[in-house]
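See below for upload-v3.cif, which holds mmCIF, C-alpha atoms and all ligand atoms.
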```
data_start
#
loop_
_atom_site.label_atom_id
_atom_site.label_comp_id
_atom_site.auth_asym_id
_atom_site.auth_seq_id
_atom_site.Cartn_x
_atom_site.Cartn_y
_atom_site.Cartn_z
CA MET A 62 52.97 -0.53 -10.08
CA GLY A 63 50.89 1.77 -12.22
CA SER A 64 51.90 0.84 -15.75
CA ASN A 65 52.88 -2.28 -17.53
CA PRO A 66 56.14 -1.68 -19.41
CA TYR A 67 55.91 -5.02 -21.17
CA SER A 68 52.62 -4.31 -22.81
CA ARG A 69 54.40 -3.14 -25.93
CA TYR A 70 56.51 -6.20 -26.60
CA PRO A 71 55.64 -9.43 -28.29
CA VAL A 72 57.09 -12.27 -26.27
CA SER A 73 59.71 -14.32 -28.06
CA GLY A 74 62.69 -16.24 -26.75
CA MET A 75 64.40 -16.48 -23.39
CA GLY A 76 65.67 -12.89 -23.44
CA LYS A 77 62.20 -11.46 -23.23
CA VAL A 78 61.19 -13.90 -20.50
CA ASP A 79 64.27 -12.78 -18.55
CA GLU A 80 63.21 -9.17 -18.91
CA ILE A 81 59.73 -10.00 -17.67
CA ARG A 82 61.18 -11.89 -14.72
CA GLU A 83 63.36 -8.88 -13.89
CA MET A 84 60.33 -6.60 -13.93
CA VAL A 85 58.39 -9.05 -11.72
CA ASP A 86 61.35 -9.26 -9.32
CA ASN A 87 61.49 -5.47 -9.09
CA ASP A 88 57.79 -5.37 -8.33
CA LEU A 89 58.19 -8.04 -5.67
CA GLY A 90 61.27 -6.30 -4.24
CA PHE A 91 63.50 -9.31 -4.96
CA GLN A 92 67.21 -8.87 -5.48
CA GLN A 93 68.20 -9.41 -9.07
CA ALA A 94 69.69 -12.85 -9.44
CA PRO A 95 69.57 -14.98 -12.55
CA LEU A 96 67.57 -18.18 -12.33
CA MET A 97 70.05 -20.90 -11.57
CA CYS A 98 68.79 -23.68 -13.76
CA TYR A 99 66.38 -23.06 -16.62
CA SER A 100 65.82 -26.73 -17.29
CA ARG A 101 64.28 -27.11 -13.85
CA THR A 102 61.99 -24.11 -14.04
CA LYS A 103 58.79 -23.49 -15.97
CA THR A 104 57.60 -19.99 -16.77
CA LEU A 105 53.96 -19.35 -17.60
CA LEU A 106 52.87 -16.03 -19.02
CA PHE A 107 49.26 -14.90 -19.09
CA ILE A 108 48.63 -12.91 -22.26
CA SER A 109 45.56 -10.69 -22.43
CA ASN A 110 43.28 -10.49 -25.45
CA ASP A 111 45.08 -7.35 -26.52
CA LYS A 112 48.39 -9.26 -26.46
CA LYS A 113 49.84 -7.84 -23.24
CA VAL A 114 51.71 -9.84 -20.64
CA VAL A 115 49.52 -9.44 -17.58
CA GLY A 116 50.59 -12.43 -15.53
CA CYS A 117 53.73 -14.41 -14.86
CA LEU A 118 54.33 -17.56 -12.85
CA ILE A 119 57.73 -19.21 -12.40
CA ALA A 120 57.75 -22.69 -10.95
CA GLU A 121 60.57 -25.03 -10.03
CA HIS A 122 61.05 -28.57 -8.82
CA ILE A 123 61.36 -28.88 -5.07
CA GLN A 124 61.47 -31.74 -2.63
CA TRP A 125 60.17 -30.24 0.57
CA GLY A 126 57.77 -27.67 1.83
CA TYR A 127 56.98 -26.36 5.31
CA ARG A 128 53.48 -25.79 6.54
CA VAL A 129 52.44 -22.28 7.53
CA ILE A 130 51.32 -22.13 11.13
CA GLU A 131 48.08 -20.25 11.33
CA GLU A 132 47.87 -17.65 14.02
CA LYS A 133 44.64 -17.34 15.88
CA LEU A 134 42.75 -14.34 14.60
CA PRO A 135 41.63 -11.81 17.17
CA ALA A 136 37.90 -11.28 17.32
CA ILE A 137 37.44 -9.64 13.96
CA ARG A 138 34.13 -8.56 12.66
CA SER A 139 34.41 -7.93 8.94
CA GLU A 140 36.23 -9.48 5.97
CA GLU A 141 37.97 -6.12 5.49
CA GLU A 142 39.42 -6.25 9.00
CA LYS A 143 40.56 -9.81 8.42
CA VAL A 144 42.44 -8.80 5.26
CA ARG A 145 44.00 -5.81 7.06
CA PHE A 146 45.15 -8.09 9.89
CA GLU A 147 46.55 -10.67 7.45
CA ARG A 148 48.48 -7.97 5.61
CA GLN A 149 50.13 -6.68 8.78
CA LYS A 150 51.24 -9.87 10.43
CA ALA A 151 54.32 -11.89 9.60
CA TRP A 152 53.90 -15.57 8.85
CA CYS A 153 55.54 -18.50 10.66
CA CYS A 154 55.94 -22.02 9.44
CA SER A 155 56.71 -25.42 10.83
CA THR A 156 60.30 -26.68 10.77
CA LEU A 157 59.06 -30.12 9.80
CA PRO A 158 59.70 -30.79 6.10
CA GLU A 159 56.86 -32.32 4.12
CA PRO A 160 57.25 -33.77 0.64
CA ALA A 161 56.34 -31.38 -2.16
CA ILE A 162 56.89 -31.40 -5.92
CA CYS A 163 56.34 -27.95 -7.34
CA GLY A 164 57.55 -24.68 -5.92
CA ILE A 165 55.99 -21.43 -7.04
CA SER A 166 59.02 -19.23 -7.11
CA ARG A 167 57.18 -16.15 -8.36
CA ILE A 168 53.59 -15.35 -9.15
CA TRP A 169 52.61 -11.93 -10.35
CA VAL A 170 49.60 -10.27 -11.99
CA PHE A 171 49.59 -6.76 -13.43
CA SER A 172 48.07 -4.47 -10.78
CA MET A 173 45.13 -3.31 -12.93
CA MET A 174 44.17 -6.92 -13.68
CA ARG A 175 44.16 -8.38 -10.18
CA ARG A 176 41.14 -10.15 -8.61
CA LYS A 177 40.05 -11.53 -11.98
CA LYS A 178 41.24 -15.08 -11.26
CA ILE A 179 44.33 -14.74 -13.46
CA ALA A 180 46.66 -16.13 -10.79
CA SER A 181 44.20 -18.97 -10.09
CA ARG A 182 44.08 -19.83 -13.79
CA MET A 183 47.88 -19.78 -14.08
CA ILE A 184 48.17 -22.22 -11.18
CA GLU A 185 45.50 -24.48 -12.69
CA CYS A 186 47.49 -24.51 -15.91
CA LEU A 187 50.70 -25.19 -13.98
CA ARG A 188 49.13 -28.10 -12.14
CA SER A 189 48.22 -29.83 -15.38
CA ASN A 190 51.47 -29.07 -17.18
CA PHE A 191 54.25 -29.22 -14.61
CA ILE A 192 54.69 -32.98 -14.88
CA TYR A 193 53.67 -34.61 -18.12
CA GLY A 194 50.61 -36.81 -17.70
CA SER A 195 49.87 -35.89 -14.12
CA TYR A 196 47.74 -33.28 -12.39
CA LEU A 197 49.37 -31.94 -9.24
CA SER A 198 47.28 -31.72 -6.12
CA LYS A 199 47.28 -28.51 -4.09
CA GLU A 200 49.17 -30.42 -1.40
CA GLU A 201 52.10 -30.92 -3.77
CA ILE A 202 52.57 -27.20 -4.36
CA ALA A 203 54.50 -24.79 -2.14
CA PHE A 204 54.87 -21.01 -2.33
CA SER A 205 58.24 -19.31 -2.02
CA ASP A 206 58.36 -16.78 0.78
CA PRO A 207 54.85 -15.38 0.23
CA THR A 208 54.12 -11.67 0.26
CA PRO A 209 50.96 -10.47 2.08
CA ASP A 210 49.08 -10.58 -1.25
CA GLY A 211 50.55 -14.01 -1.93
CA LYS A 212 49.45 -15.26 1.46
CA LEU A 213 45.89 -14.04 1.00
CA PHE A 214 45.79 -15.57 -2.45
CA ALA A 215 47.34 -18.90 -1.40
CA THR A 216 44.99 -19.18 1.58
CA GLN A 217 42.02 -18.78 -0.70
CA TYR A 218 43.38 -20.95 -3.51
CA CYS A 219 44.50 -23.80 -1.26
CA GLY A 220 41.39 -23.55 0.88
CA THR A 221 43.51 -23.29 4.03
CA GLY A 222 45.90 -20.88 5.70
CA GLN A 223 48.15 -23.88 6.37
CA PHE A 224 49.56 -24.16 2.85
CA LEU A 225 53.18 -25.12 2.16
CA VAL A 226 56.02 -22.61 1.84
CA TYR A 227 59.69 -23.02 0.96
CA ASN A 228 62.85 -21.09 0.14
CA PHE A 229 62.59 -18.68 3.03
CA ILE A 230 66.29 -18.81 4.02
CA ASN A 231 68.62 -17.85 1.20
CA GLY A 232 67.13 -20.04 -1.45
CA GLN A 233 67.45 -23.30 0.44
CA ASN A 234 65.52 -26.32 -0.76
CA SER A 235 64.99 -24.92 -4.22
CA THR A 236 66.45 -27.85 -6.11
C1 LIG B 1 49.03 -12.42 -5.41
C2 LIG B 1 48.53 -12.17 -6.84
C3 LIG B 1 49.43 -12.92 -7.81
C4 LIG B 1 47.07 -12.66 -6.95
O1 LIG B 1 46.67 -12.55 -8.30
P1 LIG B 1 45.12 -12.42 -8.73
O2 LIG B 1 45.03 -12.71 -10.19
O3 LIG B 1 44.59 -11.12 -8.27
O4 LIG B 1 44.46 -13.59 -7.88
P2 LIG B 1 43.02 -14.26 -8.12
O5 LIG B 1 42.10 -13.28 -8.79
O6 LIG B 1 43.20 -15.56 -8.80
O7 LIG B 1 42.56 -14.46 -6.61
C5 LIG B 1 41.77 -15.58 -6.19
C6 LIG B 1 41.26 -15.30 -4.79
O8 LIG B 1 42.36 -15.13 -3.88
C7 LIG B 1 42.04 -14.10 -2.91
N1 LIG B 1 42.93 -12.94 -3.11
C8 LIG B 1 43.81 -12.75 -4.11
N2 LIG B 1 44.48 -11.59 -3.93
C9 LIG B 1 44.00 -11.05 -2.79
C10 LIG B 1 44.28 -9.85 -2.08
N3 LIG B 1 45.20 -8.98 -2.51
N4 LIG B 1 43.58 -9.61 -0.95
C11 LIG B 1 42.64 -10.47 -0.48
N5 LIG B 1 42.33 -11.63 -1.13
C12 LIG B 1 43.00 -11.91 -2.25
C13 LIG B 1 40.61 -13.68 -3.19
O9 LIG B 1 39.76 -14.49 -2.38
C14 LIG B 1 40.45 -14.03 -4.66
O10 LIG B 1 39.11 -14.32 -5.02
P3 LIG B 1 38.03 -13.10 -5.15
O11 LIG B 1 38.69 -12.02 -5.97
O12 LIG B 1 36.86 -13.76 -5.84
O13 LIG B 1 37.73 -12.65 -3.75
C15 LIG B 1 48.54 -10.63 -7.16
O14 LIG B 1 47.90 -9.94 -6.12
C16 LIG B 1 49.93 -10.04 -7.33
O15 LIG B 1 50.52 -10.13 -8.41
N6 LIG B 1 50.47 -9.40 -6.28
C17 LIG B 1 51.78 -8.77 -6.36
C18 LIG B 1 52.87 -9.80 -6.47
C19 LIG B 1 52.84 -10.75 -5.29
O16 LIG B 1 52.76 -10.33 -4.14
N7 LIG B 1 52.91 -12.05 -5.61
C20 LIG B 1 52.83 -13.10 -4.62
C21 LIG B 1 54.17 -13.72 -4.41
S1 LIG B 1 54.01 -15.08 -3.26
#
```
Same coordinates, now as structure tokens:
Amino acid sequence: MGSNPYSRYPVSGMGKVDEIREMVDNDLGFQQAPLMCYSRTKTLLFISNDKKVVGCLIAEHIQWGYRVIEEKLPAIRSEEEKVRFERQKAWCCSTLPEPAICGISRIWVFSMMRRKKIASRMIECLRSNFIYGSYLSKEEIAFSDPTPDGKLFATQYCGTGQFLVYNFINGQNST
């Protein structure tokens, strides 16, 4: 995505958040479907100093996550090659459910603002605000059907390629 169509709008009310979610879904290639239950989701927006929406994170309550199974990397020399390999390969996960609390349904950062720790900061904020009075551990968070970018990010953020995923078959386990 080259431009940020939401840069012009002040954010107010659910309608605008819906529009932002639609734009994020288009960018992620998701089919348009309204969020089922607003009371169970939390949306965080990252607003830049010049008042533009440059990040969006939508989280929901979940009960289970499934651990990504890390594939053995072929003998790779550079970090660049590793990223290229990670981008190309599909991910697999265990069928064994593990308890989880918070599902990251969508996480998105405006293309020109990536690699500035915006996604990391949104997750930090989520972890302290998702449940009142408690700070979620990384183990209690799962990522919905991660994209290649999402996988690279989650691997780095969680400190392991074996992070939790959910929601990979028609929205199952999202409540
Ligand atoms: C995935 C995404 C949200 C990451 O946002 P971000 O603000 O760039 O992430 P951060 O800056 O917090 O990244 C933290 C670390 O994760 C790793 N990382 C993040 N994105 C990466 C990428 N595309 N390639 C390789 N490593 C990446 C890096 O180690 C990075 O630290 P570094 O920049 O110091 O090397 C962003 O790339 C995005 O919006 N992508 C398009 C939407 C998408 O695919 N969302 C994921 C859905 S699961």
Within 8 Å of ligand LIG 1 (chain B): each chain A residue with its shortest pair, only C-alpha atoms and all ligand atoms, as a tab-separated table:
```
residue	atom	partner	partner_atom	distance
A:Val85	CA	B:LIG1	C18	7.7
A:Asp88	CA	B:LIG1	C18	6.9
A:Leu89	CA	B:LIG1	C18	5.7
A:Gly116	CA	B:LIG1	O15	7.5
A:Val144	CA	B:LIG1	C11	6.0
A:Ile165	CA	B:LIG1	S1	7.7
A:Ser166	CA	B:LIG1	S1	7.6
A:Arg167	CA	B:LIG1	C21	5.5
A:Ile168	CA	B:LIG1	N7	4.9
A:Trp169	CA	B:LIG1	O15	3.4
A:Val170	CA	B:LIG1	O15	3.7
A:Phe171	CA	B:LIG1	O15	6.1
A:Ser172	CA	B:LIG1	O15	6.6
A:Met174	CA	B:LIG1	O2	6.8
A:Arg175	CA	B:LIG1	O3	3.4
A:Arg176	CA	B:LIG1	O5	3.3
A:Lys177	CA	B:LIG1	O5	4.2
A:Lys178	CA	B:LIG1	O5	3.2
A:Ile179	CA	B:LIG1	O2	3.9
A:Ala180	CA	B:LIG1	O2	3.8
A:Ser181	CA	B:LIG1	O6	3.8
A:Arg182	CA	B:LIG1	O6	6.6
A:Phe204	CA	B:LIG1	S1	6.1
A:Ser205	CA	B:LIG1	S1	6.1
A:Asp206	CA	B:LIG1	S1	6.2
A:Pro207	CA	B:LIG1	S1	3.6
A:Thr208	CA	B:LIG1	O16	4.8
A:Pro209	CA	B:LIG1	O16	6.5
A:Asp210	CA	B:LIG1	N3	4.4
A:Gly211	CA	B:LIG1	C20	3.6
A:Lys212	CA	B:LIG1	S1	6.6
A:Leu213	CA	B:LIG1	N5	4.8
A:Phe214	CA	B:LIG1	O8	3.7
A:Ala215	CA	B:LIG1	O8	6.7
A:Thr216	CA	B:LIG1	O8	7.3
A:Gln217	CA	B:LIG1	O8	4.9
A:Tyr218	CA	B:LIG1	O8	5.9
```
Written selection (C-alpha atoms) as a short mmCIF file (atom, residue, chain, number, x, y, z; two decimals), in the frame of the given file:
```cif
data_model
loop_
_atom_site.label_atom_id
_atom_site.label_comp_id
_atom_site.auth_asym_id
_atom_site.auth_seq_id
_atom_site.Cartn_x
_atom_site.Cartn_y
_atom_site.Cartn_z
CA VAL A 85 58.39 -9.05 -11.72
CA ASP A 88 57.79 -5.37 -8.33
CA LEU A 89 58.19 -8.04 -5.67
CA GLY A 116 50.59 -12.43 -15.53
CA VAL A 144 42.44 -8.80 5.26
CA ILE A 165 55.99 -21.43 -7.04
CA SER A 166 59.02 -19.23 -7.11
CA ARG A 167 57.18 -16.15 -8.36
CA ILE A 168 53.59 -15.35 -9.15
CA TRP A 169 52.61 -11.93 -10.35
CA VAL A 170 49.60 -10.27 -11.99
CA PHE A 171 49.59 -6.76 -13.43
CA SER A 172 48.07 -4.47 -10.78
CA MET A 174 44.17 -6.92 -13.68
CA ARG A 175 44.16 -8.38 -10.18
CA ARG A 176 41.14 -10.15 -8.61
CA LYS A 177 40.05 -11.53 -11.98
CA LYS A 178 41.24 -15.08 -11.26
CA ILE A 179 44.33 -14.74 -13.46
CA ALA A 180 46.66 -16.13 -10.79
CA SER A 181 44.20 -18.97 -10.09
CA ARG A 182 44.08 -19.83 -13.79
CA PHE A 204 54.87 -21.01 -2.33
CA SER A 205 58.24 -19.31 -2.02
CA ASP A 206 58.36 -16.78 0.78
CA PRO A 207 54.85 -15.38 0.23
CA THR A 208 54.12 -11.67 0.26
CA PRO A 209 50.96 -10.47 2.08
CA ASP A 210 49.08 -10.58 -1.25
CA GLY A 211 50.55 -14.01 -1.93
CA LYS A 212 49.45 -15.26 1.46
CA LEU A 213 45.89 -14.04 1.00
CA PHE A 214 45.79 -15.57 -2.45
CA ALA A 215 47.34 -18.90 -1.40
CA THR A 216 44.99 -19.18 1.58
CA GLN A 217 42.02 -18.78 -0.70
CA TYR A 218 43.38 -20.95 -3.51
#
```
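The gap separating CA of Ser198 in chain A from CA of Val78 in chain A is 26.8 Å, in Å to one decimal.
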Nearest to Ile202 in chain A among A:Glu121, A:Glu140, A:Glu132, A:Asp86, with distances taken over all atoms listed in the file: which residue is it? A:Glu121
If I take CA of Gly90 in chain A and CA of Met173 in chain A, how far is one from the other in Å, to one decimal? 18.6 Å
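CA of Leu157 in chain A is positioned 25.2 Å from CA of Ile192 in chain A.
With all atoms listed in the file as the atoms that count, the residue of A:Glu141, A:Ile162, A:Tyr127, A:Ala151 with the shortest distance to Leu187 in chain A is A:Ile162.
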Nearest to Val114 in chain A by atom-to-atom distance, counting all atoms listed in the file, from A:Val226, A:Glu201, A:Arg82, A:Glu142: A:Arg82
Quick one: everything within 12 Å of Tyr196 in chain A, counting all atoms listed in the file, minus sequence neighbours fewer than 6 positions away in the same chain. Send it as JSON, numbers by chain. {"A": [162, 163, 184, 185, 186, 187, 188, 189, 190, 202]}
Mind dumping the selected residues with C-alpha atoms as a compact mmCIF listing (two decimals), in the coordinates of the input?
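That gives us selection_15.txt:
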```txt
# COMPACT_ATOMS: atom_id res chain seq x y z
CA ILE A 162 56.89 -31.40 -5.92
CA CYS A 163 56.34 -27.95 -7.34
CA ILE A 184 48.17 -22.22 -11.18
CA GLU A 185 45.50 -24.48 -12.69
CA CYS A 186 47.49 -24.51 -15.91
CA LEU A 187 50.70 -25.19 -13.98
CA ARG A 188 49.13 -28.10 -12.14
CA SER A 189 48.22 -29.83 -15.38
CA ASN A 190 51.47 -29.07 -17.18
CA ILE A 202 52.57 -27.20 -4.36
```
List the neighbours of Gly126 in chain A out to 8 Å using only C-alpha atoms; skip same-chain residues closer than 4 positions along the sequence, and give me the result as a PyMOL selection string. chain A and resi 158-161+203+225-227
Export: range 182-224 of chain A, C-alpha atoms, as an mmCIF file, in the first residue's frame:
```cif
data_model
loop_
_atom_site.group_PDB
_atom_site.id
_atom_site.type_symbol
_atom_site.label_atom_id
_atom_site.label_comp_id
_atom_site.auth_asym_id
_atom_site.auth_seq_id
_atom_site.Cartn_x
_atom_site.Cartn_y
_atom_site.Cartn_z
ATOM 1 C CA ARG A 182 4.416 -0.824 21.103
ATOM 2 C CA MET A 183 0.790 -1.600 20.237
ATOM 3 C CA ILE A 184 1.179 -5.122 21.619
ATOM 4 C CA GLU A 185 2.845 -3.802 24.776
ATOM 5 C CA CYS A 186 -0.111 -1.476 25.240
ATOM 6 C CA LEU A 187 -2.527 -4.338 24.559
ATOM 7 C CA ARG A 188 -0.832 -6.550 27.119
ATOM 8 C CA SER A 189 -1.317 -3.981 29.859
ATOM 9 C CA ASN A 190 -4.856 -3.007 28.890
ATOM 10 C CA PHE A 191 -6.586 -6.146 27.646
ATOM 11 C CA ILE A 192 -7.598 -7.314 31.109
ATOM 12 C CA TYR A 193 -7.965 -4.681 33.781
ATOM 13 C CA GLY A 194 -5.275 -4.966 36.438
ATOM 14 C CA SER A 195 -3.245 -7.646 34.745
ATOM 15 C CA TYR A 196 -0.318 -7.711 32.336
ATOM 16 C CA LEU A 197 -0.582 -10.531 29.823
ATOM 17 C CA SER A 198 2.455 -12.676 29.229
ATOM 18 C CA LYS A 199 3.574 -13.390 25.675
ATOM 19 C CA GLU A 200 2.478 -16.988 26.239
ATOM 20 C CA GLU A 201 -1.129 -15.851 26.681
ATOM 21 C CA ILE A 202 -1.264 -14.179 23.273
ATOM 22 C CA ALA A 203 -1.980 -15.873 19.953
ATOM 23 C CA PHE A 204 -1.883 -14.512 16.404
ATOM 24 C CA SER A 205 -4.683 -15.141 13.940
ATOM 25 C CA ASP A 206 -3.503 -16.817 10.766
ATOM 26 C CA PRO A 207 -0.232 -14.866 10.453
ATOM 27 C CA THR A 208 0.959 -13.420 7.170
ATOM 28 C CA PRO A 209 4.679 -13.755 6.288
ATOM 29 C CA ASP A 210 5.274 -10.284 7.780
ATOM 30 C CA GLY A 211 3.216 -11.263 10.808
ATOM 31 C CA LYS A 212 5.226 -14.426 11.278
ATOM 32 C CA LEU A 213 8.548 -12.606 11.115
ATOM 33 C CA PHE A 214 7.259 -10.006 13.533
ATOM 34 C CA ALA A 215 5.726 -12.527 15.964
ATOM 35 C CA THR A 216 8.886 -14.636 15.946
ATOM 36 C CA GLN A 217 10.931 -11.624 16.921
ATOM 37 C CA TYR A 218 8.418 -10.228 19.409
ATOM 38 C CA CYS A 219 7.756 -13.538 21.158
ATOM 39 C CA GLY A 220 11.413 -14.511 21.061
ATOM 40 C CA THR A 221 10.547 -17.837 19.429
ATOM 41 C CA GLY A 222 9.216 -19.174 16.141
ATOM 42 C CA GLN A 223 6.951 -21.424 18.211
ATOM 43 C CA PHE A 224 4.403 -18.762 19.126
#
```
